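One file, model09.txt, carrying compact mmCIF, C-alpha atoms:
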```
# COMPACT_ATOMS: atom_id res chain seq x y z
CA MET A 29 -37.63 25.56 5.29
CA ILE A 30 -38.18 26.29 8.98
CA PHE A 31 -40.38 29.24 8.09
CA LEU A 32 -42.50 27.17 5.69
CA GLY A 33 -43.01 24.46 8.31
CA LEU A 34 -44.05 26.99 10.93
CA ILE A 35 -46.50 28.65 8.53
CA VAL A 36 -48.11 25.30 7.67
CA ALA A 37 -48.34 24.34 11.36
CA LEU A 38 -49.84 27.72 12.25
CA ALA A 39 -52.40 27.42 9.43
CA ALA A 40 -53.41 23.98 10.73
CA VAL A 41 -53.85 25.32 14.25
CA VAL A 42 -55.96 28.26 13.03
CA VAL A 43 -58.20 25.97 10.98
CA GLY A 44 -58.56 23.50 13.86
CA VAL A 45 -59.51 26.22 16.33
CA ALA A 46 -61.95 27.77 13.85
CA VAL A 47 -63.65 24.40 13.29
CA VAL A 48 -64.01 23.74 17.01
CA LEU A 49 -65.33 27.21 17.85
CA ASP A 50 -67.71 27.57 14.90
CA ASN A 51 -69.42 24.15 15.14
CA SER A 52 -72.24 23.84 17.63
CA GLY A 53 -74.54 21.51 15.65
CA ASN A 54 -74.36 17.75 15.43
CA ALA A 55 -73.23 17.34 11.86
CA GLN A 56 -72.54 20.76 10.49
CA MET A 57 -69.15 22.19 10.01
CA SER A 58 -68.31 25.78 9.26
CA VAL A 59 -64.97 27.47 8.99
CA PHE A 60 -64.62 31.23 9.35
CA GLY A 61 -68.40 31.62 9.19
CA ASP A 62 -68.84 29.64 5.95
CA GLU A 63 -70.53 26.24 6.02
CA ILE A 64 -68.59 23.41 4.39
CA PRO A 65 -70.80 21.47 1.96
CA GLY A 66 -70.85 17.67 2.10
CA ILE A 67 -70.39 17.38 5.86
CA THR A 68 -73.55 15.66 7.10
CA GLN A 69 -72.35 13.10 9.63
CA GLN A 70 -70.16 13.21 12.70
CA TRP A 71 -67.43 11.08 11.15
CA HIS A 72 -67.04 13.70 8.45
CA VAL A 73 -66.15 16.19 11.15
CA PHE A 74 -63.74 13.67 12.66
CA MET A 75 -62.05 13.09 9.29
CA ALA A 76 -61.69 16.82 8.80
CA GLY A 77 -60.00 16.99 12.19
CA ALA A 78 -57.72 14.13 11.20
CA VAL A 79 -56.73 15.94 8.02
CA VAL A 80 -55.98 19.09 10.01
CA ALA A 81 -53.87 17.00 12.44
CA ILE A 82 -51.95 15.43 9.56
CA VAL A 83 -51.26 18.84 8.02
CA PHE A 84 -50.15 20.11 11.43
CA MET A 85 -47.76 17.18 11.89
CA ALA A 86 -46.38 17.65 8.39
CA GLY A 87 -45.69 21.31 9.17
CA VAL A 88 -43.98 20.47 12.47
CA THR A 89 -41.90 17.78 10.72
CA VAL A 90 -40.78 20.17 7.99
CA ALA A 91 -39.87 22.79 10.60
CA THR A 92 -37.94 20.24 12.67
CA LEU A 93 -36.03 18.95 9.66
CA GLY A 94 -35.18 22.50 8.63
CA PHE A 95 -34.00 23.33 12.15
CA ARG A 96 -31.81 20.23 12.31
CA ARG A 97 -30.33 20.99 8.91
CA ALA A 98 -29.55 24.57 9.92
CA MET A 99 -27.94 23.41 13.17
CA ASN A 100 -25.83 20.81 11.35
CA MET A 101 -24.69 23.42 8.84
CA ARG A 102 -23.73 25.82 11.65
CA ARG A 103 -21.87 23.06 13.50
CA GLU A 104 -20.00 22.04 10.34
CA LEU A 105 -19.10 25.66 9.58
CA ARG A 106 -17.84 26.18 13.13
CA ASP A 107 -15.74 22.98 12.89
CA LEU A 108 -14.28 24.11 9.58
CA ARG A 109 -13.40 27.52 11.04
CA ASP A 110 -11.69 25.85 14.01
CA GLU A 111 -9.79 23.51 11.71
CA HIS A 112 -8.74 26.46 9.55
CA GLU A 113 -7.48 28.36 12.61
CA GLU A 114 -5.48 25.32 13.76
CA SER A 115 -4.00 24.95 10.28
CA LEU A 116 -3.01 28.61 10.21
CA GLN A 117 -1.39 28.34 13.64
CA THR A 118 0.55 25.24 12.55
CA LEU A 119 1.74 26.96 9.39
CA GLU A 120 2.77 30.06 11.35
CA LEU A 121 4.77 27.91 13.78
CA GLU A 122 6.49 26.14 10.87
CA ARG A 123 7.30 29.49 9.24
CA ARG A 124 8.91 30.74 12.44
CA LYS A 125 11.00 27.58 12.78
CA LEU A 126 12.13 27.85 9.17
CA GLN A 127 13.03 31.52 9.63
CA GLN A 128 15.09 30.63 12.69
CA ALA A 129 16.84 27.80 10.83
CA LEU A 130 17.57 30.13 7.90
CA ALA A 131 18.94 32.79 10.25
CA GLN A 132 21.19 30.21 11.92
CA ALA A 133 22.39 28.93 8.55
CA ARG A 134 23.19 32.47 7.42
CA ARG A 135 25.08 33.19 10.65
CA GLY A 136 27.03 29.96 10.17
CA MET A 137 28.00 31.00 6.65
CA ASP A 138 29.18 34.42 7.88
CA ASP A 139 31.44 32.81 10.51
CA GLN A 140 33.32 30.65 8.00
CA PRO A 141 36.29 32.31 6.29
CA SER A 142 35.87 32.56 2.59
CA VAL A 143 38.45 30.73 0.50
CA PRO A 144 39.34 32.35 -2.79
CA ALA A 145 38.72 30.17 -5.80
CA GLN A 146 41.89 28.77 -7.39
CA ARG A 147 42.40 28.86 -11.07
CA VAL A 148 43.51 25.71 -12.63
CA ALA A 149 45.51 25.98 -15.82
CA PRO A 150 44.03 24.15 -18.75
CA ASN A 151 46.02 21.11 -19.85
```
Output the file's structure as structure tokens, nothing else.
Amino acid sequence: MIFLGLIVALAAVVVGVAVVLDNSGNAQMSVFGDEIPGITQQWHVFMAGAVVAIVFMAGVTVATLGFRRAMNMRRELRDLRDEHEESLQTLELERRKLQQALAQARRGMDDQPSVPAQRVAPN
């Protein structure tokens, strides 16, 4: 999207410069050496310039929107990566605590003397 906007803006600039450099008469307009038919008055030239300006602004707008979108996506991706890292660190800390608790529980069971099971005679 950024690339498309920049291409459109560049095309508008090229056309605008070509119109300015190629027009020396009062009411003639030529672009890249070819005369544009239907341009006979000065306001026609002005309107052509306005159209070029509108196309240029549209291209800049598209490029800006694409740039903002790309930056927002990068920011969101970076935030998600950070959140994922924090989640992994929290889970790792919990795992260590649980391993320590399990080790303590196992040591506690080893310290207690085992009592043999008693058989009870059936009545």
Hey, what's within 8 Å of range 70-81 of chain A if we count all atoms listed in the file and toss same-chain stuff fewer than 3 positions away? As a PDB file with C-alpha atoms, in the coordinates of the input, please?
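Saved result, selection15.pdb, follows:
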```pdb
ATOM      1  CA  ALA A  40     -53.410  23.980  10.730  1.00  0.00           C
ATOM      2  CA  VAL A  41     -53.850  25.320  14.250  1.00  0.00           C
ATOM      3  CA  VAL A  43     -58.200  25.970  10.980  1.00  0.00           C
ATOM      4  CA  GLY A  44     -58.560  23.500  13.860  1.00  0.00           C
ATOM      5  CA  ASN A  54     -74.360  17.750  15.430  1.00  0.00           C
ATOM      6  CA  ALA A  55     -73.230  17.340  11.860  1.00  0.00           C
ATOM      7  CA  GLN A  56     -72.540  20.760  10.490  1.00  0.00           C
ATOM      8  CA  MET A  57     -69.150  22.190  10.010  1.00  0.00           C
ATOM      9  CA  ILE A  67     -70.390  17.380   5.860  1.00  0.00           C
ATOM     10  CA  PHE A  84     -50.150  20.110  11.430  1.00  0.00           C
ATOM     11  CA  MET A  85     -47.760  17.180  11.890  1.00  0.00           C
TER      12      MET A  85
END
```
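Atom to atom, CA of Val83 in chain A and CA of Ala37 in chain A stand 7.1 Å apart.
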*Would you please work out which residue, of A:Thr68, A:Thr92, A:Gly61, A:Val42, is nearest to Ile30 in chain A when using all atoms listed in the file?*
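Checking each candidate against Ile30 in chain A, we get A:Thr92 as the closest.
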*Could you jot down the CA of Gly33 in chain A to CA of Glu104 in chain A separation for me, Å, one decimal place?*
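Value for the CA of Gly33 in chain A-CA of Glu104 in chain A distance: 23.2 Å.
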Report task. Using CA of Pro65 in chain A and CA of Ala46 in chain A as the two end points, give the distance in Å to one decimal. Result ->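 We find that CA of Pro65 in chain A and CA of Ala46 in chain A lie 16.1 Å from each other.
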